[in-house]
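This report refers to the structure that appears directly beneath it.
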Amino acid sequence: MSIRILYFARLREEMGIAQEMLELPPEVSDVKSLRAHLAARGGSSAKAFAAAKAVRVSVNQDLGRNDTPVKAGDEVAFFPPVTGG
Amino acid sequence: MAVRVQEADFDIGAEIAALRRGNPAIGAIASFIGLVRDSNDGDAVSGMTLEHYPGMTEKALTGIVAEAKKRWDIIDALVIHRVGELKPLDQIVLVVVSGAHRGAAFDACEFIMDYLKTQAPFWKKEQTAQGARWVEARASDDQAVERWSGPQAK
């Protein structure tokens with residue numbers, strides 16, 4: 001079972017992709033553990049998810065937090081703080 | 001209640017006329033237009049690209065408008081936000097709120113803009129003489145949205 005991950009704005013450029021499917025690793029249950037998993041992959045993913053970076057998240061198109069649950073079939077998006085208006 | 005995300009420009013006169021047409025209960029209309037400036041953080045800006053998250057952006061805007069309707073006694077509200085390539089002088093965003101009286105219309109209009117600025121997934125990339133750069137979020141926008149979290153006013 002997998003999740004769809006979308007990247008926007010600076011995150012999309014840093015990752016070099018707009019989206020990917022990720023086979024849900026057993027240790028990932030929420031946003032915090034998903035971020036840790038992505039940071040541990042190394043390369044551009046490690047850079048984009050470095051701890052000091054301001055990264056916002058949504059799960060199924062609602063703003064999420066570190067403790068928001070992530071489960072198979074979810075659509076998760078990562079992006080910088082928003083700047084519309 | 002309507003939200004639209006579009007590349008095309010908008011006409012505030014036509015939008016207000018459509019919003020108030022045939023409704024004699026409306027006694028006040030408040031509106032806001034955001035525009036592309038020709039400078040930001042001390043640098044000249046020649047243009048910008050507005051990116052959004054199709055689906056979530058509309059969902060977020062709809063939620064913000066619904067929250068405004070819950071907090072204030074307003075009759076209708078409209079949000080239009082443009083995306084794509086924009087230049088200085090271009091219109092970016094329109095908020096129109098109608099109500100029986102001006103107080104609720106003014107407050108709800110400002111509330112919708114403050115939440116849009118901090119919660120709706122849009123990102124600006126501006127072109128300057130030094131190249132293109134992503135616009136940084138402002139702490140003042142976070143402070144602006146904070147003031148609505150206290151006791152609710154009607």
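So you can find residues: chains in the structure tokens are A, B, ... in the order shown, residues in each start at 1, and ligands are numbered from 1 in order.
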What lies within 10 Å of Ala30 of chain B using only C-alpha atoms, ignoring chain neighbours under 3 positions off, as number ranges by chain?
B: 16, 77, 95-99, 101-110
Going by DSSP on the backbone, which bits of chain A are alpha helix (DSSP H)? Write them as a ChimeraX atom specification, please.
/A:9-15,31-39,43-48
Limited to C-alpha atoms, could you put the picked residues into a file as an mmCIF file, in the first residue's frame?
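File again-v7.cif, as written:
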data_model
loop_
_atom_site.group_PDB
_atom_site.id
_atom_site.type_symbol
_atom_site.label_atom_id
_atom_site.label_comp_id
_atom_site.auth_asym_id
_atom_site.auth_seq_id
_atom_site.Cartn_x
_atom_site.Cartn_y
_atom_site.Cartn_z
ATOM 1 C CA ALA A 9 7.045 25.778 -5.062
ATOM 2 C CA ARG A 10 10.575 25.710 -3.569
ATOM 3 C CA LEU A 11 10.078 22.120 -2.360
ATOM 4 C CA ARG A 12 9.223 20.972 -5.895
ATOM 5 C CA GLU A 13 12.372 22.606 -7.256
ATOM 6 C CA GLU A 14 14.561 21.182 -4.485
ATOM 7 C CA MET A 15 13.156 17.681 -4.957
ATOM 8 C CA VAL A 31 3.678 13.388 9.338
ATOM 9 C CA LYS A 32 6.617 13.439 11.725
ATOM 10 C CA SER A 33 7.722 9.880 10.910
ATOM 11 C CA LEU A 34 7.139 10.477 7.189
ATOM 12 C CA ARG A 35 9.407 13.539 7.274
ATOM 13 C CA ALA A 36 12.063 11.553 9.110
ATOM 14 C CA HIS A 37 11.831 8.805 6.481
ATOM 15 C CA LEU A 38 12.171 11.308 3.600
ATOM 16 C CA ALA A 39 15.098 13.091 5.273
ATOM 17 C CA GLY A 43 20.369 13.425 -1.644
ATOM 18 C CA SER A 44 17.895 16.158 -2.554
ATOM 19 C CA SER A 45 15.313 14.642 -0.226
ATOM 20 C CA ALA A 46 17.632 15.014 2.781
ATOM 21 C CA LYS A 47 18.355 18.622 1.821
ATOM 22 C CA ALA A 48 14.706 19.537 1.301
#
Find the residues in chain B near chain A: any atom within 6 Å counts, using only C-alpha atoms. Write them as a PDB file with N, CA and C atoms, in the first residue's frame.
ATOM      1  N   MET B  56      -6.830  21.618  -3.371  1.00  0.00           N
ATOM      2  CA  MET B  56      -6.710  22.086  -1.988  1.00  0.00           C
ATOM      3  C   MET B  56      -6.937  23.588  -1.888  1.00  0.00           C
ATOM      4  N   VAL B  93      -5.949  39.446  -6.478  1.00  0.00           N
ATOM      5  CA  VAL B  93      -7.007  38.830  -5.674  1.00  0.00           C
ATOM      6  C   VAL B  93      -8.139  39.821  -5.441  1.00  0.00           C
ATOM      7  N   LYS B 117      -4.049  34.802   3.244  1.00  0.00           N
ATOM      8  CA  LYS B 117      -2.613  35.071   3.211  1.00  0.00           C
ATOM      9  C   LYS B 117      -1.797  34.004   3.935  1.00  0.00           C
ATOM     10  N   PRO B 121      -3.117  27.638  -0.108  1.00  0.00           N
ATOM     11  CA  PRO B 121      -1.863  27.253  -0.764  1.00  0.00           C
ATOM     12  C   PRO B 121      -1.631  27.946  -2.105  1.00  0.00           C
ATOM     13  N   PHE B 122      -1.023  29.132  -2.013  1.00  0.00           N
ATOM     14  CA  PHE B 122      -0.515  29.884  -3.168  1.00  0.00           C
ATOM     15  C   PHE B 122       0.935  30.221  -2.864  1.00  0.00           C
ATOM     16  N   TRP B 123       1.759  30.270  -3.913  1.00  0.00           N
ATOM     17  CA  TRP B 123       3.160  30.663  -3.748  1.00  0.00           C
ATOM     18  C   TRP B 123       3.555  31.598  -4.881  1.00  0.00           C
ATOM     19  N   LYS B 124       4.241  32.690  -4.503  1.00  0.00           N
ATOM     20  CA  LYS B 124       4.692  33.670  -5.489  1.00  0.00           C
ATOM     21  C   LYS B 124       6.182  33.514  -5.745  1.00  0.00           C
ATOM     22  N   ALA B 137       7.426  34.101   3.270  1.00  0.00           N
ATOM     23  CA  ALA B 137       6.260  34.433   4.088  1.00  0.00           C
ATOM     24  C   ALA B 137       6.656  35.497   5.115  1.00  0.00           C
TER      25      ALA B 137
END
B:Leu50, B:Ala18, B:Val5, B:Ile80: which is nearest Val36 of chain B, counting only C-alpha atoms?
B:Leu50
To one decimal place in Å, what is the distance between atom CA of Trp148 of chain B and atom CA of Leu61 of chain B?
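Computing the Euclidean distance for atom CA of Trp148 of chain B and atom CA of Leu61 of chain B yields 16.6 Å.
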Please list as a PyMOL selection string every residue within 9 Å of Gln91 of chain B, counting only C-alpha atoms and excluding residues in the same chain fewer than 3 positions away.
chain B and resi 9-10+33-36+81-82+86-88+94
Close residues, Lys71 of chain A itself excluded, 12 Å, only C-alpha atoms, min 3 positions apart in chain, as a PyMOL selection string:
chain A and resi 1-4+22-31+33-34+59-60+68+74-76
If you keep N, CA and C atoms, can you produce a file of those selected residues as a PDB file, in the first residue's frame?
ATOM      1  N   MET A   1       0.850  -1.200   0.000  1.00  0.00           N
ATOM      2  CA  MET A   1       0.000   0.000   0.000  1.00  0.00           C
ATOM      3  C   MET A   1       0.881   1.244   0.000  1.00  0.00           C
ATOM      4  N   SER A   2       0.447   2.264  -0.728  1.00  0.00           N
ATOM      5  CA  SER A   2       1.321   3.425  -0.916  1.00  0.00           C
ATOM      6  C   SER A   2       0.566   4.727  -0.681  1.00  0.00           C
ATOM      7  N   ILE A   3       1.344   5.801  -0.628  1.00  0.00           N
ATOM      8  CA  ILE A   3       0.763   7.140  -0.534  1.00  0.00           C
ATOM      9  C   ILE A   3       1.290   7.967  -1.706  1.00  0.00           C
ATOM     10  N   ARG A   4       0.514   8.987  -2.066  1.00  0.00           N
ATOM     11  CA  ARG A   4       0.969   9.935  -3.085  1.00  0.00           C
ATOM     12  C   ARG A   4       1.524  11.160  -2.364  1.00  0.00           C
ATOM     13  N   LEU A  22       4.909   6.568  -2.889  1.00  0.00           N
ATOM     14  CA  LEU A  22       5.836   5.984  -1.910  1.00  0.00           C
ATOM     15  C   LEU A  22       5.167   4.783  -1.246  1.00  0.00           C
ATOM     16  N   GLU A  23       5.836   3.644  -1.354  1.00  0.00           N
ATOM     17  CA  GLU A  23       5.373   2.454  -0.629  1.00  0.00           C
ATOM     18  C   GLU A  23       5.498   2.782   0.859  1.00  0.00           C
ATOM     19  N   LEU A  24       4.397   2.703   1.591  1.00  0.00           N
ATOM     20  CA  LEU A  24       4.384   3.171   2.979  1.00  0.00           C
ATOM     21  C   LEU A  24       5.266   2.267   3.859  1.00  0.00           C
ATOM     22  N   PRO A  25       6.388   2.836   4.374  1.00  0.00           N
ATOM     23  CA  PRO A  25       7.250   2.022   5.232  1.00  0.00           C
ATOM     24  C   PRO A  25       6.540   1.741   6.562  1.00  0.00           C
ATOM     25  N   PRO A  26       6.807   0.590   7.188  1.00  0.00           N
ATOM     26  CA  PRO A  26       6.079   0.210   8.401  1.00  0.00           C
ATOM     27  C   PRO A  26       6.245   1.215   9.540  1.00  0.00           C
ATOM     28  N   GLU A  27       7.391   1.944   9.553  1.00  0.00           N
ATOM     29  CA  GLU A  27       7.610   2.860  10.679  1.00  0.00           C
ATOM     30  C   GLU A  27       6.918   4.209  10.486  1.00  0.00           C
ATOM     31  N   VAL A  28       6.283   4.423   9.339  1.00  0.00           N
ATOM     32  CA  VAL A  28       5.627   5.714   9.099  1.00  0.00           C
ATOM     33  C   VAL A  28       4.143   5.646   9.471  1.00  0.00           C
ATOM     34  N   SER A  29       3.755   6.460  10.461  1.00  0.00           N
ATOM     35  CA  SER A  29       2.358   6.472  10.898  1.00  0.00           C
ATOM     36  C   SER A  29       1.781   7.882  10.936  1.00  0.00           C
ATOM     37  N   ASP A  30       2.659   8.880  10.883  1.00  0.00           N
ATOM     38  CA  ASP A  30       2.182  10.264  10.923  1.00  0.00           C
ATOM     39  C   ASP A  30       3.154  11.154  10.141  1.00  0.00           C
ATOM     40  N   VAL A  31       2.857  12.452  10.110  1.00  0.00           N
ATOM     41  CA  VAL A  31       3.678  13.388   9.338  1.00  0.00           C
ATOM     42  C   VAL A  31       5.111  13.403   9.842  1.00  0.00           C
ATOM     43  N   SER A  33       6.932  11.052  11.319  1.00  0.00           N
ATOM     44  CA  SER A  33       7.722   9.880  10.910  1.00  0.00           C
ATOM     45  C   SER A  33       7.917   9.838   9.394  1.00  0.00           C
ATOM     46  N   LEU A  34       6.958  10.409   8.639  1.00  0.00           N
ATOM     47  CA  LEU A  34       7.139  10.477   7.189  1.00  0.00           C
ATOM     48  C   LEU A  34       8.278  11.428   6.841  1.00  0.00           C
ATOM     49  N   VAL A  59      -2.530  16.893   4.522  1.00  0.00           N
ATOM     50  CA  VAL A  59      -2.895  15.492   4.347  1.00  0.00           C
ATOM     51  C   VAL A  59      -4.324  15.467   3.815  1.00  0.00           C
ATOM     52  N   ASN A  60      -4.479  14.876   2.641  1.00  0.00           N
ATOM     53  CA  ASN A  60      -5.772  14.859   1.960  1.00  0.00           C
ATOM     54  C   ASN A  60      -6.356  16.265   1.817  1.00  0.00           C
ATOM     55  N   THR A  68      -0.312  14.664  12.648  1.00  0.00           N
ATOM     56  CA  THR A  68      -1.413  14.239  11.782  1.00  0.00           C
ATOM     57  C   THR A  68      -1.126  12.829  11.247  1.00  0.00           C
ATOM     58  N   ASP A  74      -3.415   7.889   1.311  1.00  0.00           N
ATOM     59  CA  ASP A  74      -3.486   9.329   1.557  1.00  0.00           C
ATOM     60  C   ASP A  74      -2.742  10.113   0.482  1.00  0.00           C
ATOM     61  N   GLU A  75      -3.158  11.366   0.310  1.00  0.00           N
ATOM     62  CA  GLU A  75      -2.427  12.328  -0.520  1.00  0.00           C
ATOM     63  C   GLU A  75      -1.768  13.332   0.424  1.00  0.00           C
ATOM     64  N   VAL A  76      -0.456  13.303   0.467  1.00  0.00           N
ATOM     65  CA  VAL A  76       0.300  14.187   1.354  1.00  0.00           C
ATOM     66  C   VAL A  76       1.039  15.198   0.490  1.00  0.00           C
TER      67      VAL A  76
END
All strand (DSSP E or B) residues (DSSP, backbone) inside chain B, as number ranges by chain:
B: 2-6, 28-35, 39-40, 43-52, 74-82, 84-86, 91-99, 122-128, 131-134
d(atom CA of Glu20 of chain A, atom CA of Phe78 of chain A) in Å
11.7 Å
I need the residue nearest Gly84 of chain B from this list: B:Ser31, B:Ser140, B:Thr118, B:Thr49. Use only C-alpha atoms for the distance.
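Result for the nearest residue to Gly84 of chain B: B:Thr49.
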One number please: atom CA of Gly55 of chain B to atom CA of Ala8 of chain B, in Å, one decimal.
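Separation of atom CA of Gly55 of chain B and atom CA of Ala8 of chain B: 18.0 Å.
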